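Worksheet: one structure, shown below.
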Amino acid sequence: MSRRPDPRRHTAARLTAARLTPRRLSPADTLRVGSVGLRTRPTRVLLSALGIAIGIAAMVAVVAVSASSQAAFNAQLASVGTNMLTVTPGKDFVGDPAPLPENAADMVGHIAPVENAAATGSVKGAKVYRNDRIPKAASRGIGVLGAGLGLPRTVGLHMAAGTWLNGAQSRYPAVVLGTTAAENLGITTPGAQIWLGEQWFTVTGILQKAPLAPELDSAALIGWDAAKTHLGFDGRPTMIYTRTADSKVDQVRGVLAATVNPEAPNEVTVSRPSDALSAKQAANRAFTGLLVGIGAIALLVGGVGVANTMVIAVLERRGEIGLRRALGATRGQIRTQFLTESVMLSALGGISGAALGAGASAGYALSQNWQVVVPPWALGVGVGATMAIGALAGLWPAVRAARLAPRAALSGP
């Protein structure tokens with residue numbers, strides 16, 4: 001006759017197995033245990049996180065400032081347009097300047113896709129002074145240009161004060177000053193008189209900065225006819241500005257030289273001012289890449305600091321590790337504890353650095369009157385990179401802590 005199993009023996013066996021089976025840590029318990037080292041050593045944590053924060057702040061700030069600059073650049077191009085071409089004298093076969101024909105601007109205007117064309121011509125020998133008592137050597141480099149009436153429409157000029165020359169004023173001693181020329185002469189409002197070419201000219205207007213024609217910023221512009229009548233201007237243009245249909249820019253660029261000087265098109269230089277702005281922006285992007293690299297190096301140095309902090313933490317907390325192992329904590333739980341602590345330390349630095357970098361870039365963009373652009377991907381990549389570096393930096397210390405035997409850990413170094 002078989003014996004019936006004793007239920008009390010099975011219950012005792014189950015309780016013994018439960019005691020011997022390690023209890024799993026919940027995510028909340030893991031975070032709580034992993035944060036013990038951060039809460040008990042705040043100064044060390046602050047200094048370690050600072051290294052990470054500096055690297056992330058540098059990277060986020062550089063990327064955000066570059067994005068804000070790009071947005072401002074795109075807005076600038078949208079306002080001035082990329083469909084402007086300029087024609088200037090080139091060199092003849094012996095290397096001497098080759099002057100443009102007097103009717104060059106009119107010939108350019110006959111090209112079908114050209115919407116507007118206007119010219120300026122350098123008035124040689126004419127100097128500009130605030131009054132007739134200024135020494136001749138103190139002209140401050142202000143050039144005098146004869147200008148066509150359609151120049152503002154073609155170049156996209158805007159008046160800071162006063163008005164542009166009209167048909168009547170273009171025949172008399174009237175002048176419009178570029179923004180830099182006005183600053184050098186100390187003139188802020190129209191109506192003043194300046195000493196130009198040994199005679200008095202009345203200022204009718206002051207221009208705003210011309211992004212696509214910076215040569216106009218430091219110039220005194222007078223009417224084409226007035227330049228001929230009062231200053232002996234020869235009537236030859238030294239710069240022709242054209243506005244073309246956007247889809248036809250390359251086609252017009254290909255025929256401009258031959259149109260201006262059919263006999264010697266090689267003696268004519270054609271350029272696109274927006275290309276210079278694009279080249280400048282490309283140089284800024286290259287510089288941005290360099291700064292991002294420097295930020296990455298700072299981030300790497302911060303990761304080394306985290307690794308050093310975690311190694312020291314393992315050495316200092318051998319007693320804690322031994323006690324937890326004696327109470328039943330598994331090697332995996334010890335490893336998870338220190339790995340979590342390392343990741344949390346890095347995340348603290350990453351989040352702080354991202355916030356600092358975003359704030360710094362926003363302040364700089366506002367100081368430059370730019371649109372504030374902080375790419376979300378930069379923040380995500382920054383924080384994600386720090387957590388990845390934290391995990392790598394804390395992996396070896398975590399494994400080392402998990403390998404400590406309870407008796408060796410409790411017995412001290």
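Going through the structure tokens in order, the chains are called A, B, and so on, while each chain numbers its residues from 1 and the ligands are numbered from 1 in the order shown.
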Inset, instruction - Write down as a PyMOL selection string the residues belonging to region 196-226 of chain A that are assigned helix (DSSP H, G or I) by DSSP computed on the backbone. - result: chain A and resi 214-216+224-226
With all heavy atoms retained, export the selected residues as a compact mmCIF listing (two decimals), in the first residue's frame.
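As written to disk, out.txt reads:
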```txt
# COMPACT_ATOMS: atom_id res chain seq x y z
N PRO A 214 28.24 94.99 -52.14
CA PRO A 214 28.88 95.70 -51.03
C PRO A 214 29.72 96.88 -51.47
O PRO A 214 30.02 97.76 -50.67
CB PRO A 214 29.74 94.61 -50.38
CG PRO A 214 29.93 93.56 -51.43
CD PRO A 214 28.69 93.59 -52.25
N GLU A 215 30.09 96.91 -52.76
CA GLU A 215 30.87 98.05 -53.25
C GLU A 215 30.07 99.35 -53.21
O GLU A 215 30.65 100.44 -53.18
CB GLU A 215 31.36 97.79 -54.68
CG GLU A 215 30.28 97.65 -55.73
CD GLU A 215 29.67 96.26 -55.81
OE1 GLU A 215 30.10 95.38 -55.03
OE2 GLU A 215 28.76 96.05 -56.64
N LEU A 216 28.75 99.25 -53.16
CA LEU A 216 27.92 100.45 -53.10
C LEU A 216 27.84 101.02 -51.68
O LEU A 216 27.49 102.19 -51.52
CB LEU A 216 26.50 100.14 -53.59
CG LEU A 216 26.38 99.62 -55.04
CD1 LEU A 216 24.92 99.35 -55.38
CD2 LEU A 216 26.98 100.61 -56.02
N TRP A 224 24.02 109.94 -63.72
CA TRP A 224 24.91 109.69 -64.86
C TRP A 224 25.20 111.00 -65.60
O TRP A 224 26.36 111.31 -65.90
CB TRP A 224 24.26 108.67 -65.78
CG TRP A 224 25.22 107.95 -66.68
CD1 TRP A 224 25.59 108.32 -67.92
CD2 TRP A 224 25.91 106.73 -66.39
NE1 TRP A 224 26.47 107.41 -68.45
CE2 TRP A 224 26.68 106.42 -67.52
CE3 TRP A 224 25.94 105.88 -65.30
CZ2 TRP A 224 27.49 105.28 -67.59
CZ3 TRP A 224 26.74 104.74 -65.36
CH2 TRP A 224 27.50 104.46 -66.49
N ASP A 225 24.16 111.76 -65.85
CA ASP A 225 24.35 113.02 -66.58
C ASP A 225 25.11 114.04 -65.75
O ASP A 225 25.95 114.78 -66.26
CB ASP A 225 22.98 113.60 -66.99
CG ASP A 225 22.27 112.72 -68.00
OD1 ASP A 225 22.97 111.99 -68.74
OD2 ASP A 225 21.03 112.75 -68.04
N ALA A 226 24.83 114.08 -64.42
CA ALA A 226 25.55 115.02 -63.57
C ALA A 226 27.02 114.68 -63.51
O ALA A 226 27.88 115.57 -63.46
CB ALA A 226 24.95 115.00 -62.16
```
Inset, instruction - Write out as a list in words the residues lying within 10 Å of region 92-96 of chain A, counting only C-alpha atoms and excluding same-chain residues fewer than 4 positions away. - result: Ala264, Asn266, Glu267 and Val268 of chain A
Inset, instruction - Check the smallest atom-to-atom distance from each of A:Ala398, A:Gln169, A:Ala354, A:Arg133 to Ala378 (chain A) using only C-alpha atoms, then report the winner. - result: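 That would be A:Ala354, the residue with the smallest distance to Ala378 (chain A).
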Legend entry - Atom pair CA of Arg236 (chain A) / CA of Val203 (chain A): separation (Å): 24.1 Å
Inset, instruction - Go ahead and compute the interatomic distance for CA of Ser352 (chain A) and CA of Val45 (chain A), in Å to one decimal. - result: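 Calculated distance between CA of Ser352 (chain A) and CA of Val45 (chain A) is 12.8 Å.
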Legend entry - Exercise: region 179-187 of chain A partners within 7 Å, only C-alpha atoms, chain neighbours under 3 positions left out, as a PyMOL selection string: chain A and resi 130+142+206-209+217-220
Please produce a file of those selected residues containing N, CA, C and O atoms, as a short mmCIF file (atom, residue, chain, number, x, y, z; two decimals), in the first residue's frame.
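And here is the file that came out, again.cif:
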```cif
data_model
loop_
_atom_site.label_atom_id
_atom_site.label_comp_id
_atom_site.auth_asym_id
_atom_site.auth_seq_id
_atom_site.Cartn_x
_atom_site.Cartn_y
_atom_site.Cartn_z
N ARG A 130 33.53 115.90 -45.99
CA ARG A 130 32.38 116.44 -45.26
C ARG A 130 32.19 117.91 -45.57
O ARG A 130 31.05 118.40 -45.67
N ILE A 142 36.19 107.00 -49.90
CA ILE A 142 34.84 107.00 -50.45
C ILE A 142 34.92 107.23 -51.96
O ILE A 142 35.44 108.24 -52.43
N ILE A 206 20.12 108.15 -48.16
CA ILE A 206 21.14 107.25 -47.62
C ILE A 206 20.63 105.83 -47.79
O ILE A 206 19.48 105.51 -47.44
N LEU A 207 21.46 104.96 -48.35
CA LEU A 207 21.06 103.59 -48.64
C LEU A 207 21.23 102.68 -47.42
O LEU A 207 22.08 102.93 -46.56
N GLN A 208 20.45 101.63 -47.38
CA GLN A 208 20.73 100.52 -46.47
C GLN A 208 21.85 99.67 -47.06
O GLN A 208 22.24 99.84 -48.21
N LYS A 209 22.35 98.73 -46.28
CA LYS A 209 23.41 97.86 -46.77
C LYS A 209 22.91 97.05 -47.96
O LYS A 209 21.76 96.64 -48.02
N ASP A 217 28.16 100.22 -50.68
CA ASP A 217 28.06 100.69 -49.30
C ASP A 217 29.03 101.84 -49.02
O ASP A 217 28.73 102.73 -48.23
N SER A 218 30.19 101.83 -49.65
CA SER A 218 31.20 102.86 -49.39
C SER A 218 31.32 103.85 -50.55
O SER A 218 32.38 104.40 -50.79
N ALA A 219 30.22 104.06 -51.27
CA ALA A 219 30.25 104.92 -52.45
C ALA A 219 29.30 106.10 -52.31
O ALA A 219 28.32 106.06 -51.56
N ALA A 220 29.63 107.16 -53.04
CA ALA A 220 28.73 108.31 -53.22
C ALA A 220 28.21 108.22 -54.64
O ALA A 220 28.99 108.26 -55.60
#
```
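Proximity of A:Met310, A:Val65, A:Ala362, A:Val372 to Leu392 (chain A), computed with only C-alpha atoms, is greatest for A:Met310.
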Residues of region 26-59 of chain A at most 12 Å from region 384-390 of chain A: nearest atom pair and distance in Å, only C-alpha atoms, as a tab-separated table:
```
residue	atom	partner	partner_atom	distance
A:Ser48	CA	A:Gly390	CA	11.0
A:Ala49	CA	A:Thr386	CA	10.1
A:Leu50	CA	A:Thr386	CA	12.0
A:Gly51	CA	A:Thr386	CA	10.7
A:Ile52	CA	A:Thr386	CA	7.1
A:Ala53	CA	A:Thr386	CA	9.0
A:Ile54	CA	A:Thr386	CA	11.3
A:Gly55	CA	A:Thr386	CA	9.3
A:Ile56	CA	A:Thr386	CA	7.9
A:Ala57	CA	A:Thr386	CA	11.4
A:Met59	CA	A:Ala385	CA	11.1
```
Legend entry - Residue among A:Trp200, A:Phe233, A:Phe338, A:Phe73 lying closest to Asp132 (chain A), counting only C-alpha atoms: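 So, comparing all the options, the nearest one is A:Trp200.
Note that the spacing between CA of Ala192 (chain A) and CA of Asn131 (chain A) amounts to 10.2 Å.
Nearest to Asn103 (chain A) of all the residues A:Leu46, A:Val373, A:Ile240, A:Val176 is A:Ile240, counting only C-alpha atoms.
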Legend entry - Pick from A:Val60, A:Leu231, A:Ala71, A:Leu379, whichever lies nearest to Ala126 (chain A) using only C-alpha atoms: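 The answer is A:Leu231, which sits nearest to Ala126 (chain A).
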Legend entry - Counting only C-alpha atoms, the option among A:Ala98, A:Ala64, A:Leu149, A:Val33 closest to Thr336 (chain A):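 Looking only at the distances to Thr336 (chain A), the closest residue turns out to be A:Val33.
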Inset, instruction - Pick out the residues sitting within 9 Å of Trp396 (chain A), and hand them over as a count of residues only; count only C-alpha atoms, and ignore anything fewer than 4 positions along from it in its own chain. - result: 6
Inset, instruction - Could you pull out the residues in region 70-158 of chain A that DSSP calls strand (DSSP E or B) from the backbone, as a list in words? - result: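 In region 70-158 of chain A, DSSP puts these residues in strand (DSSP E or B): Met84, Leu85, Thr86, Val87, Thr88, Pro89, Lys91, Pro97, Val114, Glu115, Asn116, Ala117, Ala118, Ala119, Thr120, Gly121, Ser122, Val128, Tyr129, Gly143, Val144, Leu145, Gly146 and Ala147 of chain A.
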